[in-house]
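Single-structure report; data block below.
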Amino acid sequence: MEPVVSLKHLLFTRGSFRLSIESLELVPKKVYALTGANGAGKSTLLRIMALLINPQRGVVQFPGITTGDADHLRRQVTYVEQSPYLFQGTVSDNLAFGLKLRGVARQEQIRRISLTLSIVGLEGFEQRKAKELSCGETQRVALARALVFKPDLLLLDEPTANIDVNSRPAFEGLLARLPKYGVTVVFSTHDRFQAQRIGAELLCIRDGMLQAQDTLCLF
Ligand SMILES: Nc1ncnc2c1ncn2[C@@H]1O[C@H](COP(=O)(O)OP(=O)(O)OP(=O)(O)O)[C@@H](O)[C@H]1O
């Protein structure tokens, strides 16, 4: 099976920090949990895969995504930050913004927004004010805002960090279901047992080095 993303001979340095990955291939429609201690390089790796920062050496390829050009590729690979920013206006406004920019017709916008909100468990939230949502709801809207583009690869930086323990199982269930919609998910977490609960494959980084994929991730 062709990987969604493939990293080869990657080296990224920033001051004394060094992220080095000889080879990593992520297969389609799977969930990966990226774990490791503070400062291990999780966010850096996600941002490299999101093409937001460039490594000094090595290649990041997307053989599983049929690309016309760099813009097309950026649309198929979406990244959600740990504390996502929703702008003022409704939930629907937040989801429609990128669709409008991409020239999606109004009726199709409405259809996709409603479908995506139901995927993240926020049916009927279209007209809710974005700034009046709880942390957990904000996180779901941010996820919906990324999913509405139907990405092939979804990169989430600590998506459950601001979600309380009671709401966490529902959010984890949501992450586990995403491959059903054709998405490959990579999310970072400090909770290595979360990978087990979600049925995600564990990717462990220690001091900027990716550990062998079946290694117990202790840090
Ligand atoms: N904007 C930046 N400028 C300079 N150094 C940075 C920057 N962002 C991160 N770093 C450094 O790069 C290294 C890797 O950071 P990164 O954020 O990738 O780690 P992480 O595993 O995501 O950490 P955490 O679990 O604390 O979020 C750290 O040493 C960090 O201090």
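Simple scheme: letters A, B, ... for chains in structure tokens order, numbers from 1 for residues in each chain, numbers from 1 for ligands in the order shown.
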So which residues of segment 149-205 of chain A fall under helix (DSSP H, G or I) by DSSP, listed as a list in words?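 Reading the DSSP output for segment 149-205 of chain A, helix (DSSP H, G or I) covers Arg168, Pro169, Ala170, Phe171, Glu172, Gly173, Leu174, Leu175, Ala176, Arg177, Leu178, Pro179, Lys180, Tyr181, Arg192, Phe193, Gln194, Ala195, Gln196, Arg197 and Ile198 of chain A.
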Okay, now the selection with N, CA and C atoms, as a PDB file, in the first residue's frame?
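result.pdb, written as the output of this step:
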```pdb
ATOM      1  N   ARG A 168     -13.172  13.315  27.548  1.00  0.00           N
ATOM      2  CA  ARG A 168     -12.081  12.706  26.773  1.00  0.00           C
ATOM      3  C   ARG A 168     -12.490  11.434  26.018  1.00  0.00           C
ATOM      4  N   PRO A 169     -13.235  10.501  26.657  1.00  0.00           N
ATOM      5  CA  PRO A 169     -13.577   9.264  25.930  1.00  0.00           C
ATOM      6  C   PRO A 169     -14.327   9.553  24.625  1.00  0.00           C
ATOM      7  N   ALA A 170     -15.238  10.522  24.651  1.00  0.00           N
ATOM      8  CA  ALA A 170     -16.005  10.830  23.434  1.00  0.00           C
ATOM      9  C   ALA A 170     -15.070  11.362  22.347  1.00  0.00           C
ATOM     10  N   PHE A 171     -14.121  12.212  22.758  1.00  0.00           N
ATOM     11  CA  PHE A 171     -13.196  12.779  21.773  1.00  0.00           C
ATOM     12  C   PHE A 171     -12.269  11.690  21.229  1.00  0.00           C
ATOM     13  N   GLU A 172     -11.845  10.799  22.120  1.00  0.00           N
ATOM     14  CA  GLU A 172     -10.982   9.692  21.675  1.00  0.00           C
ATOM     15  C   GLU A 172     -11.741   8.777  20.703  1.00  0.00           C
ATOM     16  N   GLY A 173     -13.025   8.558  20.997  1.00  0.00           N
ATOM     17  CA  GLY A 173     -13.860   7.741  20.104  1.00  0.00           C
ATOM     18  C   GLY A 173     -13.951   8.390  18.728  1.00  0.00           C
ATOM     19  N   LEU A 174     -14.047   9.712  18.741  1.00  0.00           N
ATOM     20  CA  LEU A 174     -14.117  10.467  17.486  1.00  0.00           C
ATOM     21  C   LEU A 174     -12.823  10.281  16.681  1.00  0.00           C
ATOM     22  N   LEU A 175     -11.686  10.400  17.344  1.00  0.00           N
ATOM     23  CA  LEU A 175     -10.399  10.205  16.643  1.00  0.00           C
ATOM     24  C   LEU A 175     -10.319   8.803  16.051  1.00  0.00           C
ATOM     25  N   ALA A 176     -10.781   7.812  16.829  1.00  0.00           N
ATOM     26  CA  ALA A 176     -10.719   6.412  16.366  1.00  0.00           C
ATOM     27  C   ALA A 176     -11.578   6.186  15.120  1.00  0.00           C
ATOM     28  N   ARG A 177     -12.670   6.979  14.991  1.00  0.00           N
ATOM     29  CA  ARG A 177     -13.586   6.775  13.843  1.00  0.00           C
ATOM     30  C   ARG A 177     -13.126   7.484  12.568  1.00  0.00           C
ATOM     31  N   LEU A 178     -12.176   8.410  12.692  1.00  0.00           N
ATOM     32  CA  LEU A 178     -11.841   9.232  11.522  1.00  0.00           C
ATOM     33  C   LEU A 178     -11.351   8.437  10.301  1.00  0.00           C
ATOM     34  N   PRO A 179     -10.582   7.353  10.463  1.00  0.00           N
ATOM     35  CA  PRO A 179     -10.160   6.597   9.271  1.00  0.00           C
ATOM     36  C   PRO A 179     -11.341   6.132   8.416  1.00  0.00           C
ATOM     37  N   LYS A 180     -12.499   5.932   9.059  1.00  0.00           N
ATOM     38  CA  LYS A 180     -13.697   5.529   8.330  1.00  0.00           C
ATOM     39  C   LYS A 180     -14.080   6.568   7.262  1.00  0.00           C
ATOM     40  N   TYR A 181     -13.665   7.810   7.503  1.00  0.00           N
ATOM     41  CA  TYR A 181     -13.966   8.879   6.534  1.00  0.00           C
ATOM     42  C   TYR A 181     -12.794   9.109   5.573  1.00  0.00           C
ATOM     43  N   ARG A 192       0.534   7.988  26.856  1.00  0.00           N
ATOM     44  CA  ARG A 192       0.811   6.900  25.908  1.00  0.00           C
ATOM     45  C   ARG A 192      -0.283   5.826  25.944  1.00  0.00           C
ATOM     46  N   PHE A 193      -1.100   5.802  27.006  1.00  0.00           N
ATOM     47  CA  PHE A 193      -2.186   4.818  27.065  1.00  0.00           C
ATOM     48  C   PHE A 193      -3.355   5.225  26.163  1.00  0.00           C
ATOM     49  N   GLN A 194      -3.346   6.485  25.768  1.00  0.00           N
ATOM     50  CA  GLN A 194      -4.380   6.970  24.854  1.00  0.00           C
ATOM     51  C   GLN A 194      -4.304   6.209  23.524  1.00  0.00           C
ATOM     52  N   ALA A 195      -3.085   5.900  23.109  1.00  0.00           N
ATOM     53  CA  ALA A 195      -2.903   5.153  21.846  1.00  0.00           C
ATOM     54  C   ALA A 195      -3.634   3.820  21.937  1.00  0.00           C
ATOM     55  N   GLN A 196      -3.485   3.164  23.072  1.00  0.00           N
ATOM     56  CA  GLN A 196      -4.144   1.870  23.301  1.00  0.00           C
ATOM     57  C   GLN A 196      -5.660   2.019  23.251  1.00  0.00           C
ATOM     58  N   ARG A 197      -6.156   3.048  23.967  1.00  0.00           N
ATOM     59  CA  ARG A 197      -7.610   3.238  24.032  1.00  0.00           C
ATOM     60  C   ARG A 197      -8.194   3.503  22.644  1.00  0.00           C
ATOM     61  N   ILE A 198      -7.431   4.200  21.822  1.00  0.00           N
ATOM     62  CA  ILE A 198      -7.928   4.586  20.494  1.00  0.00           C
ATOM     63  C   ILE A 198      -7.653   3.493  19.469  1.00  0.00           C
TER      64      ILE A 198
END
```
Could you list, as a ChimeraX atom specification, every residue within 8 Å of segment 31-34 of chain A, counting only C-alpha atoms and ignoring same-chain residues fewer than 4 positions away? /A:42,175-176,179,184-189,192,194-195,199-205
Keeping C-alpha atoms, export the residues of the selection given above as a PDB file, in the first residue's frame.
```
ATOM      1  CA  LYS A  42       6.529  16.120  18.597  1.00  0.00           C
ATOM      2  CA  LEU A 175     -10.399  10.205  16.643  1.00  0.00           C
ATOM      3  CA  ALA A 176     -10.719   6.412  16.366  1.00  0.00           C
ATOM      4  CA  PRO A 179     -10.160   6.597   9.271  1.00  0.00           C
ATOM      5  CA  THR A 184      -5.072   9.319   8.229  1.00  0.00           C
ATOM      6  CA  VAL A 185      -4.611  10.942  11.618  1.00  0.00           C
ATOM      7  CA  VAL A 186      -1.428  11.754  13.516  1.00  0.00           C
ATOM      8  CA  PHE A 187      -1.961  13.300  16.926  1.00  0.00           C
ATOM      9  CA  SER A 188       0.543  14.147  19.641  1.00  0.00           C
ATOM     10  CA  THR A 189      -0.135  13.255  23.246  1.00  0.00           C
ATOM     11  CA  ARG A 192       0.811   6.900  25.908  1.00  0.00           C
ATOM     12  CA  GLN A 194      -4.380   6.970  24.854  1.00  0.00           C
ATOM     13  CA  ALA A 195      -2.903   5.153  21.846  1.00  0.00           C
ATOM     14  CA  GLY A 199      -6.299   1.603  18.821  1.00  0.00           C
ATOM     15  CA  ALA A 200      -3.653   3.937  17.408  1.00  0.00           C
ATOM     16  CA  GLU A 201      -0.160   2.945  16.413  1.00  0.00           C
ATOM     17  CA  LEU A 202       2.398   4.444  18.766  1.00  0.00           C
ATOM     18  CA  LEU A 203       5.195   6.634  17.433  1.00  0.00           C
ATOM     19  CA  CYS A 204       7.621   7.511  20.163  1.00  0.00           C
ATOM     20  CA  ILE A 205      10.164  10.331  19.991  1.00  0.00           C
TER      21      ILE A 205
END
```
Taking a cut-off of 12 Å and counting only C-alpha atoms and all ligand atoms, can you build a table that, for each residue of chain A near ligand 1, reports the nearest atom pair and how far apart they are in Å (one decimal), sorted by chain then residue number, as a tab-separated table?
```
residue	atom	partner	partner_atom_place_in_ligand_line	distance
A:Phe12	CA	ligand 1	12 (O)	9.8
A:Thr13	CA	ligand 1	12 (O)	8.4
A:Arg14	CA	ligand 1	5 (N)	6.2
A:Gly15	CA	ligand 1	5 (N)	7.1
A:Ser16	CA	ligand 1	29 (O)	7.4
A:Phe17	CA	ligand 1	29 (O)	5.2
A:Arg18	CA	ligand 1	13 (C)	7.7
A:Leu19	CA	ligand 1	14 (C)	8.0
A:Ser20	CA	ligand 1	14 (C)	11.7
A:Leu34	CA	ligand 1	21 (O)	8.9
A:Thr35	CA	ligand 1	21 (O)	7.6
A:Gly36	CA	ligand 1	21 (O)	6.1
A:Ala37	CA	ligand 1	25 (O)	5.6
A:Asn38	CA	ligand 1	26 (O)	3.4
A:Gly39	CA	ligand 1	19 (O)	3.4
A:Ala40	CA	ligand 1	21 (O)	3.9
A:Gly41	CA	ligand 1	18 (O)	3.3
A:Lys42	CA	ligand 1	21 (O)	3.8
A:Ser43	CA	ligand 1	22 (O)	3.7
A:Thr44	CA	ligand 1	18 (O)	3.7
A:Leu45	CA	ligand 1	18 (O)	6.5
A:Leu46	CA	ligand 1	18 (O)	8.1
A:Arg47	CA	ligand 1	18 (O)	8.4
A:Ile48	CA	ligand 1	18 (O)	9.9
A:Leu52	CA	ligand 1	1 (N)	11.9
A:Ile53	CA	ligand 1	1 (N)	10.5
A:Glu81	CA	ligand 1	27 (O)	10.7
A:Gln82	CA	ligand 1	27 (O)	8.8
A:Ser83	CA	ligand 1	27 (O)	11.5
A:Leu156	CA	ligand 1	22 (O)	11.2
A:Asp157	CA	ligand 1	22 (O)	7.9
A:Glu158	CA	ligand 1	27 (O)	7.8
A:Pro159	CA	ligand 1	27 (O)	11.5
A:Ala161	CA	ligand 1	27 (O)	10.2
A:Phe187	CA	ligand 1	22 (O)	10.8
A:Ser188	CA	ligand 1	22 (O)	7.7
A:Thr189	CA	ligand 1	25 (O)	7.6
A:His190	CA	ligand 1	25 (O)	6.8
A:Asp191	CA	ligand 1	25 (O)	10.6
A:Leu203	CA	ligand 1	21 (O)	11.9
A:Cys204	CA	ligand 1	21 (O)	10.0
A:Ile205	CA	ligand 1	21 (O)	7.7
A:Arg206	CA	ligand 1	21 (O)	8.6
A:Asp207	CA	ligand 1	14 (C)	8.4
A:Gly208	CA	ligand 1	14 (C)	7.5
A:Met209	CA	ligand 1	21 (O)	10.9
A:Leu210	CA	ligand 1	21 (O)	11.4
A:Phe219	CA	ligand 1	25 (O)	11.4
```
Just the selected residues (C-alpha atoms), exported as a compact mmCIF listing (two decimals), in the first residue's frame, please.
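Output (again39.txt):
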```
# COMPACT_ATOMS: atom_id res chain seq x y z
CA PHE A 12 16.04 19.45 11.47
CA THR A 13 18.12 21.50 13.87
CA ARG A 14 17.22 24.54 15.91
CA GLY A 15 19.84 25.77 18.39
CA SER A 16 20.88 22.73 20.36
CA PHE A 17 17.72 20.80 19.40
CA ARG A 18 18.11 18.16 16.73
CA LEU A 19 15.35 16.05 15.16
CA SER A 20 16.63 13.18 13.10
CA LEU A 34 2.96 10.60 18.56
CA THR A 35 4.29 10.59 22.07
CA GLY A 36 7.39 11.65 23.98
CA ALA A 37 8.52 13.95 26.78
CA ASN A 38 8.30 17.75 26.73
CA GLY A 39 10.67 19.11 24.11
CA ALA A 40 11.20 15.71 22.44
CA GLY A 41 10.17 17.16 19.06
CA LYS A 42 6.53 16.12 18.60
CA SER A 43 5.23 19.53 17.47
CA THR A 44 8.30 20.03 15.30
CA LEU A 45 7.68 16.75 13.50
CA LEU A 46 3.99 17.57 12.99
CA ARG A 47 4.87 20.99 11.59
CA ILE A 48 7.42 19.44 9.22
CA LEU A 52 4.96 24.63 7.80
CA ILE A 53 8.69 24.32 8.48
CA GLU A 81 -2.73 23.57 16.73
CA GLN A 82 -3.02 22.73 20.40
CA SER A 83 -4.99 25.90 21.21
CA LEU A 156 -3.36 17.30 15.50
CA ASP A 157 -1.11 18.84 18.15
CA GLU A 158 -2.23 17.60 21.58
CA PRO A 159 -5.94 17.69 20.70
CA ALA A 161 -4.78 18.60 26.23
CA PHE A 187 -1.96 13.30 16.93
CA SER A 188 0.54 14.15 19.64
CA THR A 189 -0.14 13.26 23.25
CA HIS A 190 1.56 12.95 26.62
CA ASP A 191 -0.66 10.01 27.48
CA LEU A 203 5.20 6.63 17.43
CA CYS A 204 7.62 7.51 20.16
CA ILE A 205 10.16 10.33 19.99
CA ARG A 206 12.99 10.59 22.47
CA ASP A 207 15.41 13.53 22.25
CA GLY A 208 14.54 14.13 18.64
CA MET A 209 14.96 10.50 17.61
CA LEU A 210 12.08 8.28 16.55
CA PHE A 219 9.80 8.67 29.28
```
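We find atom CA of Ile119 of chain A and atom CA of Val183 of chain A to be spaced 12.5 Å apart.
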note - atom CA of Ala105 of chain A and atom CA of Phe87 of chain A are separated by 21.6 Å
May I have all residues of segment 73-193 of chain A that DSSP, computed from the backbone, assigns to strand (DSSP E or B), given as a count of residues only? 16
For atom CA of Phe97 of chain A and atom CA of Arg145 of chain A, the interatomic separation in Å (one decimal):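 Distance reported for this atom pair: 9.1 Å.
Residue nearest Val59 of chain A, chosen from A:Gln127, A:Ser23, A:Asn166, A:Thr138 and counting only C-alpha atoms: A:Ser23.
Among the candidate residues A:Ile110, A:Val5, A:Val91, A:Val141, the one lying nearest to Leu154 of chain A is A:Val5, with distances computed using only C-alpha atoms.
Of the residues listed (A:Gln88, A:Lys30, A:Asp152, A:Arg140), A:Asp152 shows the shortest atom-to-atom separation from Ala50 of chain A; distances use only C-alpha atoms.
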Fewer than 6 positions away in the same chain doesn't count, so skip those; otherwise give me all residues within 10 Å of Leu51 of chain A, counting only C-alpha atoms, as a PyMOL selection string. chain A and resi 45+60+70+73-74+77-79
Restrict the selected residues to N, CA and C atoms and save them as a tab-separated table (two decimals), in the first residue's frame.
```tsv
chain	number	residue	atom	x	y	z
A	45	LEU	N	7.91	17.77	14.53
A	45	LEU	CA	7.68	16.75	13.50
A	45	LEU	C	6.32	16.99	12.81
A	60	VAL	N	10.29	15.05	2.55
A	60	VAL	CA	8.95	14.71	3.01
A	60	VAL	C	8.13	14.55	1.74
A	70	ALA	N	1.61	22.51	-5.17
A	70	ALA	CA	1.82	22.70	-3.73
A	70	ALA	C	0.54	23.13	-3.03
A	73	LEU	N	-1.65	20.20	-2.44
A	73	LEU	CA	-1.08	19.38	-1.37
A	73	LEU	C	-1.41	19.97	0.00
A	74	ARG	N	-1.26	21.29	0.12
A	74	ARG	CA	-1.56	21.94	1.41
A	74	ARG	C	-3.01	21.74	1.81
A	77	VAL	N	-3.40	18.19	3.36
A	77	VAL	CA	-2.69	17.95	4.62
A	77	VAL	C	-3.05	19.09	5.56
A	78	THR	N	-3.81	18.80	6.60
A	78	THR	CA	-4.22	19.91	7.47
A	78	THR	C	-3.68	19.70	8.89
A	79	TYR	N	-3.41	20.82	9.52
A	79	TYR	CA	-2.76	20.83	10.84
A	79	TYR	C	-3.62	21.64	11.80
```
Find the residue from A:Leu153, A:Val148, A:Pro55, A:Arg128 that sits nearest to Val104 of chain A; use only C-alpha atoms when measuring.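 With only C-alpha atoms as the atom set, the closest residue is A:Val148.
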List the spatial neighbours of Met1 of chain A as an NGL selection string - criterion: any atom at most 10 Å away, only C-alpha atoms, same-chain residues fewer than 6 positions off excluded. :A and (27-28 or 64)
If you count only C-alpha atoms, which residues fall within 10 Å of Asn94 of chain A, apart from same-chain ones fewer than 2 positions away, as number ranges by chain? A: 85-92, 96-99, 113, 126, 129-130, 141-142, 144-145
